[in-house]
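Shown next: run_1.txt, given as compact mmCIF, C-alpha atoms.
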```
# COMPACT_ATOMS: atom_id res chain seq x y z
CA MET A 1 0.01 -25.08 4.18
CA SER A 2 -3.28 -23.21 4.33
CA ASN A 3 -1.30 -19.98 4.88
CA ASP A 4 0.53 -20.67 1.63
CA LEU A 5 -2.76 -21.31 -0.14
CA GLN A 6 -4.15 -18.10 1.32
CA LEU A 7 -1.35 -16.07 -0.29
CA LYS A 8 -1.78 -17.88 -3.59
CA ILE A 9 -5.49 -17.05 -3.63
CA GLU A 10 -4.75 -13.39 -2.85
CA ASP A 11 -2.22 -13.27 -5.74
CA PHE A 12 -4.65 -14.95 -8.08
CA LEU A 13 -7.50 -12.58 -7.19
CA LEU A 14 -5.18 -9.60 -7.61
CA LYS A 15 -4.38 -10.76 -11.15
CA ASN A 16 -8.11 -10.83 -11.74
CA GLY A 17 -8.50 -7.24 -10.60
CA LYS A 18 -9.58 -7.92 -7.03
CA GLU A 19 -7.19 -6.52 -4.45
CA GLY A 20 -7.83 -7.61 -0.88
CA LYS A 21 -7.27 -10.06 1.96
CA VAL A 22 -8.21 -13.71 2.32
CA SER A 23 -9.18 -14.92 5.78
CA GLU A 24 -11.04 -17.78 7.49
CA LEU A 25 -9.85 -20.31 4.94
CA ILE A 26 -11.59 -23.59 5.87
CA PRO A 27 -11.57 -26.93 4.03
CA LEU A 28 -15.02 -28.40 3.26
CA THR A 29 -15.60 -32.05 2.52
CA GLY A 30 -15.08 -32.55 -1.18
CA GLY A 31 -15.59 -35.26 -3.77
CA ALA A 32 -12.95 -37.83 -4.66
CA SER A 33 -11.36 -35.74 -7.39
CA ALA A 34 -11.59 -32.28 -5.87
CA GLU A 35 -10.90 -30.24 -2.77
CA THR A 36 -13.27 -27.50 -1.73
CA TRP A 37 -12.34 -24.54 0.48
CA LYS A 38 -14.46 -21.76 1.93
CA PHE A 39 -12.99 -18.33 2.74
CA THR A 40 -13.75 -14.67 3.32
CA PHE A 41 -12.42 -12.10 0.87
CA SER A 42 -12.29 -8.48 2.04
CA ASP A 43 -11.34 -5.44 -0.01
CA LYS A 44 -11.62 -1.78 0.98
CA LYS A 45 -15.38 -1.68 0.51
CA LYS A 46 -16.82 -5.03 1.61
CA SER A 47 -16.35 -8.65 2.67
CA GLU A 48 -17.75 -11.60 0.74
CA GLN A 49 -17.71 -15.36 1.15
CA LEU A 50 -16.15 -17.33 -1.69
CA ILE A 51 -15.51 -20.97 -2.53
CA LEU A 52 -12.37 -22.45 -4.05
CA ARG A 53 -12.77 -25.68 -6.00
CA LYS A 54 -9.47 -27.26 -6.86
CA GLY A 55 -8.59 -30.47 -8.73
CA SER A 56 -6.64 -33.01 -6.70
CA GLY A 57 -4.10 -33.22 -9.54
CA LYS A 58 -5.24 -36.75 -10.30
CA LYS A 59 -7.45 -36.80 -13.38
CA SER A 60 -10.45 -38.97 -12.52
CA PRO A 61 -12.02 -40.92 -15.39
CA LEU A 62 -15.46 -39.88 -14.13
CA ALA A 63 -14.81 -36.16 -13.75
CA VAL A 64 -14.16 -33.17 -16.03
CA LEU A 65 -11.42 -30.63 -15.23
CA LYS A 66 -12.30 -27.92 -12.69
CA SER A 67 -11.70 -25.18 -15.25
CA GLU A 68 -14.21 -26.89 -17.54
CA GLU A 69 -16.63 -27.29 -14.67
CA ALA A 70 -16.47 -23.52 -14.16
CA GLU A 71 -17.07 -22.70 -17.84
CA ILE A 72 -20.06 -25.01 -17.90
CA GLN A 73 -21.52 -23.33 -14.83
CA GLN A 74 -21.16 -19.92 -16.48
CA LYS A 75 -23.15 -21.10 -19.49
CA VAL A 76 -25.76 -22.86 -17.39
CA LYS A 77 -26.25 -19.68 -15.38
CA SER A 78 -27.29 -17.83 -18.51
CA SER A 79 -30.04 -20.44 -19.06
CA GLY A 80 -31.65 -19.23 -15.84
CA ALA A 81 -30.93 -22.33 -13.76
CA PRO A 82 -29.67 -21.50 -10.25
CA VAL A 83 -25.90 -21.99 -10.09
CA PRO A 84 -23.21 -20.09 -8.16
CA GLU A 85 -21.53 -17.22 -9.99
CA ILE A 86 -17.97 -17.89 -11.12
CA VAL A 87 -15.48 -15.27 -9.88
CA ALA A 88 -12.27 -16.45 -11.60
CA ILE A 89 -10.87 -19.53 -13.35
CA SER A 90 -7.30 -20.80 -12.97
CA SER A 91 -5.83 -23.06 -15.63
CA ASP A 92 -3.94 -26.27 -15.05
CA ASP A 93 -0.35 -25.05 -15.38
CA LYS A 94 -0.28 -21.82 -13.38
CA ASP A 95 -1.71 -19.78 -10.47
CA LEU A 96 -3.80 -22.16 -8.38
CA GLY A 97 -3.55 -25.10 -10.79
CA ASP A 98 -6.78 -26.56 -12.14
CA ALA A 99 -9.23 -24.60 -10.00
CA TYR A 100 -11.85 -21.87 -9.85
CA LEU A 101 -13.40 -19.42 -7.40
CA MET A 102 -17.12 -18.88 -7.05
CA ASN A 103 -19.62 -17.13 -4.80
CA LEU A 104 -20.73 -19.05 -1.76
CA ILE A 105 -24.47 -19.66 -1.94
CA PRO A 106 -25.86 -19.78 1.60
CA GLY A 107 -27.94 -22.85 2.30
CA GLU A 108 -27.85 -26.48 3.32
CA SER A 109 -26.61 -29.42 1.26
CA ILE A 110 -26.83 -32.23 3.82
CA ALA A 111 -29.75 -34.45 2.81
CA ARG A 112 -30.68 -35.58 6.31
CA LYS A 113 -31.15 -31.98 7.48
CA ILE A 114 -33.07 -30.91 4.38
CA LEU A 115 -35.44 -33.87 4.74
CA ARG A 116 -36.01 -33.61 8.49
CA ASP A 117 -35.43 -30.09 9.87
CA ASN A 118 -38.54 -27.97 10.44
CA LYS A 119 -36.86 -24.94 8.95
CA PHE A 120 -37.04 -26.58 5.52
CA SER A 121 -40.67 -27.73 5.72
CA GLU A 122 -41.90 -25.03 3.31
CA ALA A 123 -38.96 -25.60 0.98
CA ARG A 124 -39.78 -29.32 0.81
CA GLN A 125 -43.27 -28.54 -0.50
CA LYS A 126 -41.91 -26.65 -3.51
CA LEU A 127 -38.66 -28.47 -4.10
CA ALA A 128 -39.81 -31.20 -6.52
CA PHE A 129 -41.35 -28.64 -8.90
CA GLN A 130 -38.28 -26.39 -8.62
CA CYS A 131 -35.91 -29.29 -9.32
CA GLY A 132 -37.95 -30.15 -12.42
CA GLU A 133 -37.73 -26.54 -13.62
CA ALA A 134 -33.98 -26.33 -12.97
CA LEU A 135 -33.28 -29.57 -14.80
CA ALA A 136 -35.34 -28.45 -17.81
CA LYS A 137 -33.27 -25.23 -17.94
CA ILE A 138 -30.00 -27.15 -17.70
CA HIS A 139 -31.18 -29.48 -20.48
CA SER A 140 -32.06 -26.48 -22.66
CA VAL A 141 -28.45 -25.23 -22.78
CA ASP A 142 -27.05 -25.29 -26.33
CA THR A 143 -24.65 -28.24 -26.40
CA ASN A 144 -22.80 -26.78 -29.40
CA ASP A 145 -21.20 -24.37 -26.91
CA PHE A 146 -19.07 -27.16 -25.46
CA ASN A 147 -16.12 -28.87 -27.08
CA GLN A 148 -14.59 -30.22 -23.92
CA VAL A 149 -17.59 -31.88 -22.27
CA PRO A 150 -17.49 -35.65 -22.85
CA LYS A 151 -20.24 -37.08 -25.04
CA LYS A 152 -21.81 -40.10 -23.41
CA PRO A 153 -24.43 -41.73 -25.63
CA ILE A 154 -26.40 -44.00 -23.33
CA ARG A 155 -25.67 -47.27 -25.19
CA GLU A 156 -21.94 -46.58 -24.94
CA GLU A 157 -22.37 -45.59 -21.32
CA LEU A 158 -24.12 -48.90 -20.56
CA GLU A 159 -21.34 -50.77 -22.36
CA ARG A 160 -18.75 -48.89 -20.30
CA LEU A 161 -20.60 -49.67 -17.06
CA ASN A 162 -20.81 -53.32 -18.08
CA LEU A 163 -17.05 -53.50 -18.75
CA THR A 164 -16.37 -51.87 -15.38
CA TYR A 165 -18.66 -54.35 -13.63
CA LYS A 166 -17.04 -57.27 -15.47
CA SER A 167 -13.54 -56.08 -14.55
CA PHE A 168 -14.20 -56.83 -10.87
CA ASN A 169 -15.03 -60.47 -11.59
CA GLN A 170 -17.75 -60.46 -8.96
CA PRO A 171 -20.84 -62.03 -10.56
CA LEU A 172 -24.10 -60.28 -9.64
CA PRO A 173 -27.07 -62.00 -11.32
CA VAL A 174 -29.40 -59.04 -10.66
CA PHE A 175 -26.96 -56.69 -12.43
CA GLU A 176 -26.72 -59.10 -15.38
CA TYR A 177 -30.51 -59.13 -15.58
CA ALA A 178 -30.70 -55.33 -15.42
CA PHE A 179 -28.10 -54.92 -18.21
CA LYS A 180 -29.97 -57.40 -20.39
CA TRP A 181 -33.31 -55.71 -19.67
CA LEU A 182 -31.91 -52.22 -20.37
CA ASN A 183 -30.45 -53.39 -23.69
CA GLN A 184 -34.01 -54.14 -24.82
CA GLN A 185 -35.29 -50.63 -24.05
CA ASP A 186 -35.78 -47.80 -26.52
CA PHE A 187 -33.47 -44.86 -25.75
CA THR A 188 -34.12 -42.92 -28.95
CA THR A 189 -37.03 -40.84 -27.66
CA ARG A 190 -34.96 -37.86 -26.44
CA LYS A 191 -32.50 -35.47 -28.05
CA ASP A 192 -29.02 -35.18 -26.52
CA ALA A 193 -28.63 -32.47 -23.92
CA LEU A 194 -26.25 -31.14 -21.27
CA VAL A 195 -26.60 -33.67 -18.44
CA HIS A 196 -25.53 -32.77 -14.88
CA GLY A 197 -24.86 -36.43 -14.09
CA ASP A 198 -25.21 -36.26 -10.30
CA PHE A 199 -28.38 -34.22 -9.69
CA ARG A 200 -29.59 -35.20 -6.19
CA LEU A 201 -29.65 -34.01 -2.57
CA GLY A 202 -26.04 -33.51 -1.51
CA ASN A 203 -25.31 -31.60 -4.70
CA LEU A 204 -28.12 -29.07 -4.28
CA MET A 205 -27.98 -26.01 -2.00
CA ILE A 206 -31.35 -25.58 -0.32
CA ASP A 207 -32.55 -22.57 1.66
CA GLU A 208 -35.87 -21.88 3.36
CA SER A 209 -37.55 -20.95 0.09
CA GLY A 210 -36.30 -24.02 -1.79
CA LEU A 211 -33.64 -24.67 -4.42
CA ALA A 212 -30.86 -22.05 -4.20
CA ALA A 213 -28.14 -23.60 -6.37
CA VAL A 214 -27.11 -26.70 -8.29
CA ILE A 215 -23.49 -27.51 -7.44
CA ASP A 216 -20.85 -30.21 -8.05
CA TRP A 217 -20.72 -30.40 -11.85
CA GLU A 218 -17.84 -32.86 -12.09
CA MET A 219 -19.93 -35.68 -13.64
CA VAL A 220 -21.31 -33.45 -16.42
CA SER A 221 -21.68 -34.89 -19.93
CA ILE A 222 -23.64 -34.55 -23.14
CA GLY A 223 -26.12 -37.38 -23.32
CA ASN A 224 -29.69 -38.44 -22.68
CA PRO A 225 -31.41 -35.91 -20.38
CA MET A 226 -33.57 -38.67 -18.86
CA LEU A 227 -30.46 -39.76 -16.95
CA ASP A 228 -30.86 -36.76 -14.60
CA ILE A 229 -34.61 -37.40 -14.20
CA GLY A 230 -34.17 -41.07 -13.30
CA TRP A 231 -31.18 -40.41 -11.02
CA MET A 232 -33.23 -37.99 -8.90
CA CYS A 233 -35.93 -40.67 -8.51
CA ILE A 234 -33.94 -43.69 -7.29
CA ASN A 235 -34.38 -45.02 -3.80
CA SER A 236 -30.63 -44.63 -3.10
CA TRP A 237 -31.16 -40.83 -3.02
CA ARG A 238 -34.27 -40.81 -0.82
CA PHE A 239 -32.20 -41.20 2.36
CA GLY A 240 -34.74 -43.46 4.04
CA GLN A 241 -37.83 -41.42 3.06
CA SER A 242 -38.68 -43.96 0.40
CA GLU A 243 -42.38 -43.12 0.04
CA LYS A 244 -41.38 -39.79 -1.52
CA VAL A 245 -40.10 -40.81 -4.94
CA VAL A 246 -38.25 -37.58 -5.77
CA GLY A 247 -35.24 -37.21 -3.49
CA GLY A 248 -37.17 -38.33 -0.41
CA PHE A 249 -39.20 -35.07 -0.40
CA GLY A 250 -41.49 -34.91 -3.44
CA ASP A 251 -43.89 -36.66 -5.79
CA LEU A 252 -43.06 -37.62 -9.34
CA GLU A 253 -46.05 -35.68 -10.73
CA GLU A 254 -44.85 -32.33 -9.30
CA PHE A 255 -41.31 -32.98 -10.50
CA LEU A 256 -42.46 -33.75 -14.07
CA GLU A 257 -44.87 -30.79 -14.01
CA GLY A 258 -41.99 -28.50 -13.10
CA TYR A 259 -39.96 -30.01 -15.92
CA SER A 260 -42.64 -29.67 -18.59
CA SER A 261 -43.50 -26.11 -17.46
CA ILE A 262 -40.15 -25.11 -19.00
CA SER A 263 -39.41 -27.75 -21.63
CA ASN A 264 -42.82 -28.75 -23.03
CA GLU A 265 -41.54 -32.33 -23.01
CA GLU A 266 -44.04 -34.95 -21.89
CA ILE A 267 -42.55 -37.75 -19.80
CA ASP A 268 -44.57 -40.71 -18.55
CA ASN A 269 -44.00 -42.92 -15.53
CA GLU A 270 -42.99 -45.95 -17.60
CA GLU A 271 -40.14 -44.02 -19.20
CA VAL A 272 -39.03 -42.78 -15.77
CA LYS A 273 -38.97 -46.38 -14.55
CA ILE A 274 -36.48 -47.38 -17.28
CA TRP A 275 -34.18 -44.60 -16.07
CA GLN A 276 -34.68 -45.54 -12.43
CA VAL A 277 -33.45 -49.03 -13.30
CA LEU A 278 -30.50 -47.52 -15.14
CA GLY A 279 -29.75 -45.09 -12.31
CA THR A 280 -29.92 -47.77 -9.63
CA LEU A 281 -27.58 -50.00 -11.64
CA ARG A 282 -25.22 -47.06 -12.22
CA TRP A 283 -25.09 -46.29 -8.49
CA GLY A 284 -24.48 -49.97 -7.74
CA ILE A 285 -21.49 -49.94 -10.08
CA ILE A 286 -20.15 -46.70 -8.59
CA CYS A 287 -20.29 -48.52 -5.21
CA LEU A 288 -18.30 -51.39 -6.76
CA ILE A 289 -15.70 -48.93 -8.12
CA GLN A 290 -15.29 -47.49 -4.62
CA VAL A 291 -14.99 -50.79 -2.80
CA TYR A 292 -12.49 -52.16 -5.32
CA ALA A 293 -10.37 -49.01 -4.96
CA HIS A 294 -10.01 -50.21 -1.36
CA LEU A 295 -9.66 -53.93 -2.13
CA ASN A 296 -7.04 -53.34 -4.86
CA GLY A 297 -4.96 -51.29 -2.42
CA ASP A 298 -5.31 -47.89 -4.16
CA VAL A 299 -6.72 -46.43 -0.95
CA ASN A 300 -7.25 -47.90 2.48
CA SER A 301 -10.64 -46.72 3.64
CA LEU A 302 -13.28 -47.93 6.06
CA GLU A 303 -15.98 -45.99 4.19
CA LYS A 304 -15.02 -47.50 0.85
CA ALA A 305 -14.86 -51.02 2.30
CA ALA A 306 -18.26 -50.58 3.95
CA ILE A 307 -19.89 -49.35 0.75
CA GLY A 308 -19.25 -52.77 -0.80
CA ARG A 309 -22.04 -54.18 1.30
CA ARG A 310 -24.39 -51.49 0.04
CA VAL A 311 -24.40 -53.06 -3.42
CA SER A 312 -27.17 -55.39 -2.23
CA GLU A 313 -29.30 -52.28 -1.52
CA THR A 314 -29.20 -51.53 -5.23
CA GLU A 315 -29.96 -55.18 -6.03
CA ILE A 316 -33.08 -55.21 -3.86
CA ASP A 317 -34.19 -51.89 -5.43
CA LEU A 318 -33.67 -53.39 -8.89
CA VAL A 319 -35.75 -56.52 -8.20
CA ASP A 320 -38.41 -54.29 -6.64
CA LEU A 321 -38.53 -52.02 -9.73
CA LEU A 322 -38.33 -54.88 -12.24
CA PHE A 323 -40.61 -57.54 -10.70
CA LEU A 324 -42.56 -56.19 -7.76
CA GLY A 325 -44.10 -52.91 -8.92
CA GLY A 326 -41.56 -50.76 -7.03
CA LYS A 327 -41.59 -47.01 -7.60
CA MET B 1 -14.89 -76.43 16.82
CA ILE B 2 -11.74 -76.06 18.90
CA PHE B 3 -12.40 -72.52 20.14
CA ASP B 4 -13.85 -71.62 23.49
CA ARG B 5 -16.45 -69.04 24.33
CA PRO B 6 -16.82 -66.17 23.72
CA THR B 7 -17.78 -67.20 20.22
CA SER B 8 -16.79 -64.99 17.30
CA VAL B 9 -20.33 -63.58 17.32
CA GLU B 10 -20.09 -62.78 21.01
CA LEU B 11 -16.72 -61.06 20.48
CA VAL B 12 -17.95 -58.93 17.61
CA GLU B 13 -21.03 -58.05 19.62
CA VAL B 14 -19.08 -56.79 22.61
CA VAL B 15 -16.78 -54.64 20.47
CA SER B 16 -19.76 -53.17 18.63
CA GLU B 17 -21.45 -52.28 21.94
CA PHE B 18 -18.23 -50.80 23.33
CA LEU B 19 -17.90 -48.50 20.30
CA GLU B 20 -21.56 -47.54 20.48
CA LYS B 21 -21.85 -46.86 24.21
CA GLU B 22 -18.39 -45.71 25.30
CA ILE B 23 -16.52 -44.38 22.27
CA LYS B 24 -18.98 -42.84 19.84
CA ILE B 25 -20.59 -40.48 22.36
CA ASN B 26 -17.24 -38.94 23.24
CA LEU B 27 -16.15 -38.12 19.70
CA PRO B 28 -16.63 -35.04 17.52
CA ASP B 29 -19.28 -35.40 14.79
CA HIS B 30 -17.13 -36.54 11.87
CA LEU B 31 -15.41 -39.23 13.95
CA ALA B 32 -18.70 -40.31 15.54
CA PHE B 33 -20.02 -40.75 11.99
CA LYS B 34 -17.05 -42.88 11.04
CA THR B 35 -17.42 -44.91 14.21
CA GLN B 36 -21.04 -45.58 13.30
CA ILE B 37 -19.80 -47.00 9.98
CA ALA B 38 -17.43 -49.26 11.94
CA ILE B 39 -20.33 -50.39 14.14
CA ASN B 40 -22.46 -51.11 11.07
CA VAL B 41 -19.64 -53.19 9.59
CA LEU B 42 -19.30 -55.22 12.79
CA ASN B 43 -23.03 -55.84 12.77
CA ILE B 44 -22.81 -57.17 9.21
CA VAL B 45 -20.07 -59.55 10.34
CA LYS B 46 -22.22 -60.66 13.27
CA ARG B 47 -25.33 -61.32 11.14
CA GLU B 48 -23.26 -63.13 8.52
CA GLN B 49 -21.68 -65.36 11.20
CA GLN B 50 -25.08 -66.14 12.64
CA ASN B 51 -26.97 -66.77 9.41
CA GLU B 52 -24.47 -67.71 6.75
CA GLU B 53 -25.06 -71.43 6.96
CA ILE B 54 -28.84 -71.37 6.67
CA LEU B 55 -28.92 -68.58 4.03
CA SER B 56 -26.35 -70.37 1.85
CA LYS B 57 -28.25 -73.65 2.19
CA GLU B 58 -31.56 -72.02 1.23
CA SER B 59 -29.95 -70.23 -1.71
CA LYS B 60 -28.44 -73.50 -2.90
CA GLU B 61 -31.92 -75.07 -2.85
CA ILE B 62 -33.35 -72.21 -4.92
CA LEU B 63 -30.55 -72.63 -7.48
CA LEU B 64 -30.92 -76.42 -7.55
CA ASN B 65 -34.60 -76.00 -8.19
CA LEU B 66 -33.81 -73.68 -11.10
CA PHE B 67 -30.97 -75.67 -12.70
CA LYS B 68 -31.75 -79.27 -11.58
CA ASP B 69 -27.97 -79.85 -11.59
CA PRO B 70 -25.85 -79.57 -8.41
CA ASN B 71 -22.76 -78.63 -10.45
CA LYS B 72 -24.53 -75.59 -11.80
CA ALA B 73 -26.25 -74.50 -8.60
CA ASN B 74 -24.10 -71.44 -7.92
CA ILE B 75 -24.23 -67.67 -8.32
CA ARG B 76 -21.59 -67.53 -11.05
CA GLU B 77 -23.59 -69.92 -13.22
CA LEU B 78 -26.78 -67.94 -12.59
CA ALA B 79 -25.08 -64.71 -13.71
CA LYS B 80 -23.60 -66.45 -16.75
CA GLN B 81 -26.88 -67.97 -17.92
CA ILE B 82 -28.66 -64.61 -17.68
CA GLU B 83 -25.88 -62.98 -19.69
CA THR B 84 -25.85 -65.63 -22.42
CA GLY B 85 -29.64 -65.75 -22.66
CA GLU B 86 -29.90 -69.41 -21.63
CA LEU B 87 -32.24 -68.12 -18.95
CA LYS B 88 -34.94 -65.88 -20.41
CA LEU B 89 -35.83 -62.55 -18.80
CA ASP B 90 -39.54 -63.45 -18.65
CA ASP B 91 -38.83 -66.73 -16.81
CA LYS B 92 -40.91 -66.46 -13.63
CA GLU B 93 -38.77 -69.00 -11.76
CA LEU B 94 -35.68 -66.95 -12.55
CA GLN B 95 -37.35 -63.76 -11.33
CA GLU B 96 -38.47 -65.49 -8.14
CA ALA B 97 -34.94 -66.82 -7.56
CA LEU B 98 -33.45 -63.33 -7.96
CA ILE B 99 -35.96 -61.86 -5.51
CA GLU B 100 -35.40 -64.53 -2.86
CA ILE B 101 -31.59 -64.63 -3.05
CA THR B 102 -31.37 -60.82 -2.97
CA LYS B 103 -33.59 -60.73 0.12
CA LYS B 104 -31.19 -63.12 1.86
CA LYS B 105 -28.19 -60.92 1.02
CA ILE B 106 -29.77 -57.70 2.23
CA SER B 107 -31.03 -59.39 5.41
CA VAL B 108 -27.35 -59.61 6.40
CA ASP B 109 -26.03 -56.42 4.78
CA ASN B 110 -28.76 -54.03 5.93
CA PRO B 111 -32.03 -55.46 7.30
CA LYS B 112 -33.25 -51.91 8.03
CA TYR B 113 -33.15 -50.94 4.35
CA SER B 114 -36.50 -49.46 3.27
CA THR B 115 -37.13 -51.71 0.27
CA TYR B 116 -36.32 -54.85 2.26
CA LYS B 117 -38.64 -53.83 5.10
CA LYS B 118 -41.41 -53.13 2.58
CA LEU B 119 -40.97 -56.53 0.89
CA ILE B 120 -41.04 -58.63 4.06
CA GLU B 121 -44.08 -56.89 5.58
```

Any chance you could put this one into structure tokens?
Amino acid sequence: MSNDLQLKIEDFLLKNGKEGKVSELIPLTGGASAETWKFTFSDKKKSEQLILRKGSGKKSPLAVLKSEEAEIQQKVKSSGAPVPEIVAISSDDKDLGDAYLMNLIPGESIARKILRDNKFSEARQKLAFQCGEALAKIHSVDTNDFNQVPKKPIREELERLNLTYKSFNQPLPVFEYAFKWLNQQDFTTRKDALVHGDFRLGNLMIDESGLAAVIDWEMVSIGNPMLDIGWMCINSWRFGQSEKVVGGFGDLEEFLEGYSSISNEEIDNEEVKIWQVLGTLRWGIICLIQVYAHLNGDVNSLEKAAIGRRVSETEIDLVDLLFLGGK
Amino acid sequence: MIFDRPTSVELVEVVSEFLEKEIKINLPDHLAFKTQIAINVLNIVKREQQNEEILSKESKEILLNLFKDPNKANIRELAKQIETGELKLDDKELQEALIEITKKKISVDNPKYSTYKKLIE
């Protein structure tokens, strides 16, 4: 099967003016709605490492098409934010199906390694500021450029999350409280922007000098940019290093300084807290979606079953944020 | 109880230890990772078996204290009354109930979780 794919990639690259050979085609772990492959492409002059991102064929309600993901990355790149360069885009009905090819950015994406390995100790010092800068650049992209990116105003998004939660008929009093509390907050302080939607360790390529690339754009939307800020600051994405608010490696002040160095937007800790509550609730509901995919029989998966008992992690984070001065 | 020893807790325990000490170490990384998830799941089952009775009883008392009505002292009613606004968000007893019940859940699901460890220190 991978031999077949190899030939298809060679054909597709040839159509895009790149004649050469594909070798070392290796599958990488991908998200639920995509497969990711790594390979070497060699023409007469040189060899380079490329990545294939390909839709699974099943349109996920959470994710945009791969071809859209690629177009978004191209536009984000021109804002100066670090993203991999797109080599070629394949549309849904021909060539490789809904897919694209991009340059492989060398680096590490596994959170545990980034947070613990000595080789990243210098990177960790700078990373919070760099993440703030990158997000501000992403949020500066002109949203008029996109027709296909879903608009997700935050009130509608909360309503959608609430309906999803309700559909499982599993009452969670802490989630009810959080929804009620969030409905009382003011979300009108920011202008709509391009929102990555899943900006956290795991979706960032890190090398020894810090942030090398922002990857995995499948949750992208146009909405409130604070969503990305809060998401990066929830305990679920600190991988056990909970004293470091930003991703388990940095302080909130550095992160916001990096952000305002590009955007001139002032953000205070109270506003971040609202979006930490929202982010924690959102992750809790994504966990519910995964476990019910298992319980409803759509997939049979140990990982998805196990994640059901991680919902209480988001509940304890919510009560900590809401009542106990949690950060 | 009509069942003999080993108890269900003792059975789950021995399987968990077998996976940990004899299976996991002989597997490639991705399968060792999955096996660790299986071990974690078995440990949840073990803690739930051991503590379910006392944790449910204590939670019931918290809910009784809040509602003063045994028919209403359940999680579904608590969720409903928050949603409808019968319970107010600034109600300190409600907040305390949410904190205590959530602590009981996480003490079974993942007692090593950072926020839980911080809150019981």

Show which residues sit within 10 Å of Glu96 of chain B, as a list in words. Count all atoms listed in the file, and ignore same-chain residues fewer than 6 positions away.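 The neighbour list is Val319 and Phe323 of chain A; Ile62, Leu66 and Thr102 of chain B.
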
Save out the residues we just selected, C-alpha atoms, as a tab-separated table (two decimals), keeping the file's coordinate frame.
```
chain	number	residue	atom	x	y	z
A	319	VAL	CA	-35.75	-56.52	-8.20
A	323	PHE	CA	-40.61	-57.54	-10.70
B	62	ILE	CA	-33.35	-72.21	-4.92
B	66	LEU	CA	-33.81	-73.68	-11.10
B	102	THR	CA	-31.37	-60.82	-2.97
```

7 Å contact set for segment 75-86 of chain B, all atoms listed in the file, chain neighbours under 2 positions out, as a PyMOL selection string: (chain A and resi 171-173+176-177+180) or (chain B and resi 72+88)

Interface list for chain A, partner chain B, 10 Å threshold, all atoms listed in the file, as a ChimeraX atom specification: /A:169-181,235-236,238-243,302-303,305-320,322-324,326

I need the residues from that last selection saved to file as a compact mmCIF listing (two decimals), in the frame of the given file (with C-alpha atoms), if you can.
```
# COMPACT_ATOMS: atom_id res chain seq x y z
CA ASN A 169 -15.03 -60.47 -11.59
CA GLN A 170 -17.75 -60.46 -8.96
CA PRO A 171 -20.84 -62.03 -10.56
CA LEU A 172 -24.10 -60.28 -9.64
CA PRO A 173 -27.07 -62.00 -11.32
CA VAL A 174 -29.40 -59.04 -10.66
CA PHE A 175 -26.96 -56.69 -12.43
CA GLU A 176 -26.72 -59.10 -15.38
CA TYR A 177 -30.51 -59.13 -15.58
CA ALA A 178 -30.70 -55.33 -15.42
CA PHE A 179 -28.10 -54.92 -18.21
CA LYS A 180 -29.97 -57.40 -20.39
CA TRP A 181 -33.31 -55.71 -19.67
CA ASN A 235 -34.38 -45.02 -3.80
CA SER A 236 -30.63 -44.63 -3.10
CA ARG A 238 -34.27 -40.81 -0.82
CA PHE A 239 -32.20 -41.20 2.36
CA GLY A 240 -34.74 -43.46 4.04
CA GLN A 241 -37.83 -41.42 3.06
CA SER A 242 -38.68 -43.96 0.40
CA GLU A 243 -42.38 -43.12 0.04
CA LEU A 302 -13.28 -47.93 6.06
CA GLU A 303 -15.98 -45.99 4.19
CA ALA A 305 -14.86 -51.02 2.30
CA ALA A 306 -18.26 -50.58 3.95
CA ILE A 307 -19.89 -49.35 0.75
CA GLY A 308 -19.25 -52.77 -0.80
CA ARG A 309 -22.04 -54.18 1.30
CA ARG A 310 -24.39 -51.49 0.04
CA VAL A 311 -24.40 -53.06 -3.42
CA SER A 312 -27.17 -55.39 -2.23
CA GLU A 313 -29.30 -52.28 -1.52
CA THR A 314 -29.20 -51.53 -5.23
CA GLU A 315 -29.96 -55.18 -6.03
CA ILE A 316 -33.08 -55.21 -3.86
CA ASP A 317 -34.19 -51.89 -5.43
CA LEU A 318 -33.67 -53.39 -8.89
CA VAL A 319 -35.75 -56.52 -8.20
CA ASP A 320 -38.41 -54.29 -6.64
CA LEU A 322 -38.33 -54.88 -12.24
CA PHE A 323 -40.61 -57.54 -10.70
CA LEU A 324 -42.56 -56.19 -7.76
CA GLY A 326 -41.56 -50.76 -7.03
```

Test item: residues at most 7 Å from segment 70-74 of chain A, only C-alpha atoms, excluding those fewer than 5 positions along its chain, as a list in words: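 Everything that qualifies: Val83, Ile86, Ile89 and Tyr100 of chain A.
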
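Those residues that approach Asn224 of chain A to within 9 Å, counting all atoms listed in the file, are Lys152, Pro153, Ile154, Phe187, Thr188, Arg190, Lys191, Asp192, Ala193, Leu194 and Val195 of chain A; same-chain residues fewer than 6 positions away are not listed.
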
Would you mind reading off the distance between atom CA of Phe168 of chain A and atom CA of Trp283 of chain A, one decimal, in Å?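 Answer for the atom CA of Phe168 of chain A to atom CA of Trp283 of chain A separation: 15.3 Å.
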
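Between atom CA of Gly197 of chain A and atom CA of Glu133 of chain A there is a distance of 16.2 Å.
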
Nearest candidate to Tyr292 of chain A (options A:Tyr165, A:Glu24, A:Glu265, A:Ile105; using all atoms listed in the file):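 Of the candidates, the smallest distance to Tyr292 of chain A is held by A:Tyr165.
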
What does the structure give for the distance between atom CA of Gly250 of chain A and atom CA of Gly202 of chain A, in Å to one decimal? 15.6 Å

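Shortest separation to Gln148 of chain A among A:Glu68, A:Pro106, A:Leu13, A:Arg160 occurs at residue A:Glu68, atoms counted being only C-alpha atoms.
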
Using the file's own x, y and z axes, so that the box edges lie along x, y and z, what centre and edge lengths in Å (one decimal) does a box around every listed atom of segment 34-43 of chain B get when 5 Å is added on each side? Give it as AutoDock Vina command-line options.
```
--center_x -20.0 --center_y -49.4 --center_z 11.9 --size_x 16.0 --size_y 23.0 --size_z 14.6
```
